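What follows is a short report on a single structure.
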Amino acid sequence: MAIYITGDTHGDFQRFGSKYFPQQKEMSRGDYVVIAGDYIEKNIIPKSFILR
């Protein structure tokens, strides 16, 4: 099990792309990514997306 923690994303998820986060290729269902902060920028990502 691995745990990856990042700060605010403000709707910019490029940091999770393979260029910046190559570890994702080796991740399994037992691994976690924690966003410790804001993960949306107000009025950019619809509320319905967040509530899925």
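Order determines the names: the first chain of the structure tokens is A, the second B, and so forth; residues in each chain are numbered 1 upward, and ligands are numbered 1 upward as they are shown.
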
(message) Need the shell around Arg29 in chain A: protein/DNA/RNA residues with any atom at most 12 Å away, counting only C-alpha atoms. Skip same-chain ones fewer than 6 positions apart. Format as a ChimeraX atom specification?
(response) /A:1-3

(message) So that I can see what lies close to Tyr4 in chain A, please list as a PyMOL selection string the residues with an atom at most 10 Å from it, counting only C-alpha atoms and leaving out residues fewer than 5 positions away in the same chain.
(response) chain A and resi 21+23-24+31-35

Those selected residues, please, written with N, CA, C and O atoms and delivered as a PDB file, in the first residue's frame.
```
ATOM      1  N   PHE A  21       3.544  12.572 -12.402  1.00  0.00           N
ATOM      2  CA  PHE A  21       3.239  11.568 -11.373  1.00  0.00           C
ATOM      3  C   PHE A  21       3.388  10.165 -11.973  1.00  0.00           C
ATOM      4  O   PHE A  21       2.429   9.415 -12.099  1.00  0.00           O
ATOM      5  N   GLN A  23       4.442   7.500 -10.836  1.00  0.00           N
ATOM      6  CA  GLN A  23       4.133   6.403  -9.915  1.00  0.00           C
ATOM      7  C   GLN A  23       2.741   5.836 -10.158  1.00  0.00           C
ATOM      8  O   GLN A  23       2.446   4.696  -9.795  1.00  0.00           O
ATOM      9  N   GLN A  24       1.859   6.637 -10.772  1.00  0.00           N
ATOM     10  CA  GLN A  24       0.481   6.178 -10.972  1.00  0.00           C
ATOM     11  C   GLN A  24       0.419   4.896 -11.803  1.00  0.00           C
ATOM     12  O   GLN A  24      -0.499   4.101 -11.653  1.00  0.00           O
ATOM     13  N   ASP A  31      -3.812   1.472  -3.051  1.00  0.00           N
ATOM     14  CA  ASP A  31      -3.068   2.721  -2.891  1.00  0.00           C
ATOM     15  C   ASP A  31      -4.034   3.901  -2.798  1.00  0.00           C
ATOM     16  O   ASP A  31      -5.170   3.825  -3.265  1.00  0.00           O
ATOM     17  N   TYR A  32      -3.555   4.992  -2.211  1.00  0.00           N
ATOM     18  CA  TYR A  32      -4.390   6.170  -2.006  1.00  0.00           C
ATOM     19  C   TYR A  32      -3.697   7.423  -2.510  1.00  0.00           C
ATOM     20  O   TYR A  32      -2.477   7.558  -2.384  1.00  0.00           O
ATOM     21  N   VAL A  33      -4.506   8.350  -3.029  1.00  0.00           N
ATOM     22  CA  VAL A  33      -4.048   9.699  -3.348  1.00  0.00           C
ATOM     23  C   VAL A  33      -4.934  10.636  -2.530  1.00  0.00           C
ATOM     24  O   VAL A  33      -6.159  10.601  -2.645  1.00  0.00           O
ATOM     25  N   VAL A  34      -4.315  11.442  -1.690  1.00  0.00           N
ATOM     26  CA  VAL A  34      -5.050  12.360  -0.815  1.00  0.00           C
ATOM     27  C   VAL A  34      -4.802  13.783  -1.293  1.00  0.00           C
ATOM     28  O   VAL A  34      -3.647  14.197  -1.434  1.00  0.00           O
ATOM     29  N   ILE A  35      -5.886  14.510  -1.550  1.00  0.00           N
ATOM     30  CA  ILE A  35      -5.777  15.928  -1.887  1.00  0.00           C
ATOM     31  C   ILE A  35      -6.089  16.698  -0.613  1.00  0.00           C
ATOM     32  O   ILE A  35      -7.233  16.756  -0.181  1.00  0.00           O
TER      33      ILE A  35
END
```

Residue neighbourhood Asp8 in chain A, 8 Å, only C-alpha atoms, exclusion window fewer than 5 positions, as a PDB file with N, CA and C atoms, in the first residue's frame:
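The resulting file, result.pdb, is shown below:
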```pdb
ATOM      1  N   ILE A  35      -5.886  14.510  -1.550  1.00  0.00           N
ATOM      2  CA  ILE A  35      -5.777  15.928  -1.887  1.00  0.00           C
ATOM      3  C   ILE A  35      -6.089  16.698  -0.613  1.00  0.00           C
ATOM      4  N   ALA A  36      -5.059  17.239   0.012  1.00  0.00           N
ATOM      5  CA  ALA A  36      -5.202  17.944   1.290  1.00  0.00           C
ATOM      6  C   ALA A  36      -5.369  19.435   1.018  1.00  0.00           C
ATOM      7  N   GLY A  37      -6.527  19.801   0.560  1.00  0.00           N
ATOM      8  CA  GLY A  37      -6.794  21.196   0.249  1.00  0.00           C
ATOM      9  C   GLY A  37      -7.883  21.314  -0.794  1.00  0.00           C
ATOM     10  N   ASP A  38      -7.969  22.452  -1.418  1.00  0.00           N
ATOM     11  CA  ASP A  38      -8.999  22.700  -2.428  1.00  0.00           C
ATOM     12  C   ASP A  38      -8.724  21.884  -3.676  1.00  0.00           C
ATOM     13  N   TYR A  39      -9.750  21.201  -4.166  1.00  0.00           N
ATOM     14  CA  TYR A  39      -9.575  20.431  -5.391  1.00  0.00           C
ATOM     15  C   TYR A  39     -10.389  20.975  -6.544  1.00  0.00           C
TER      16      TYR A  39
END
```

(message) Between CA of Tyr20 in chain A and CA of Ile5 in chain A, what distance in Å does the model show, to one decimal?
(response)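 That distance, rounded to one decimal, is 13.7 Å.
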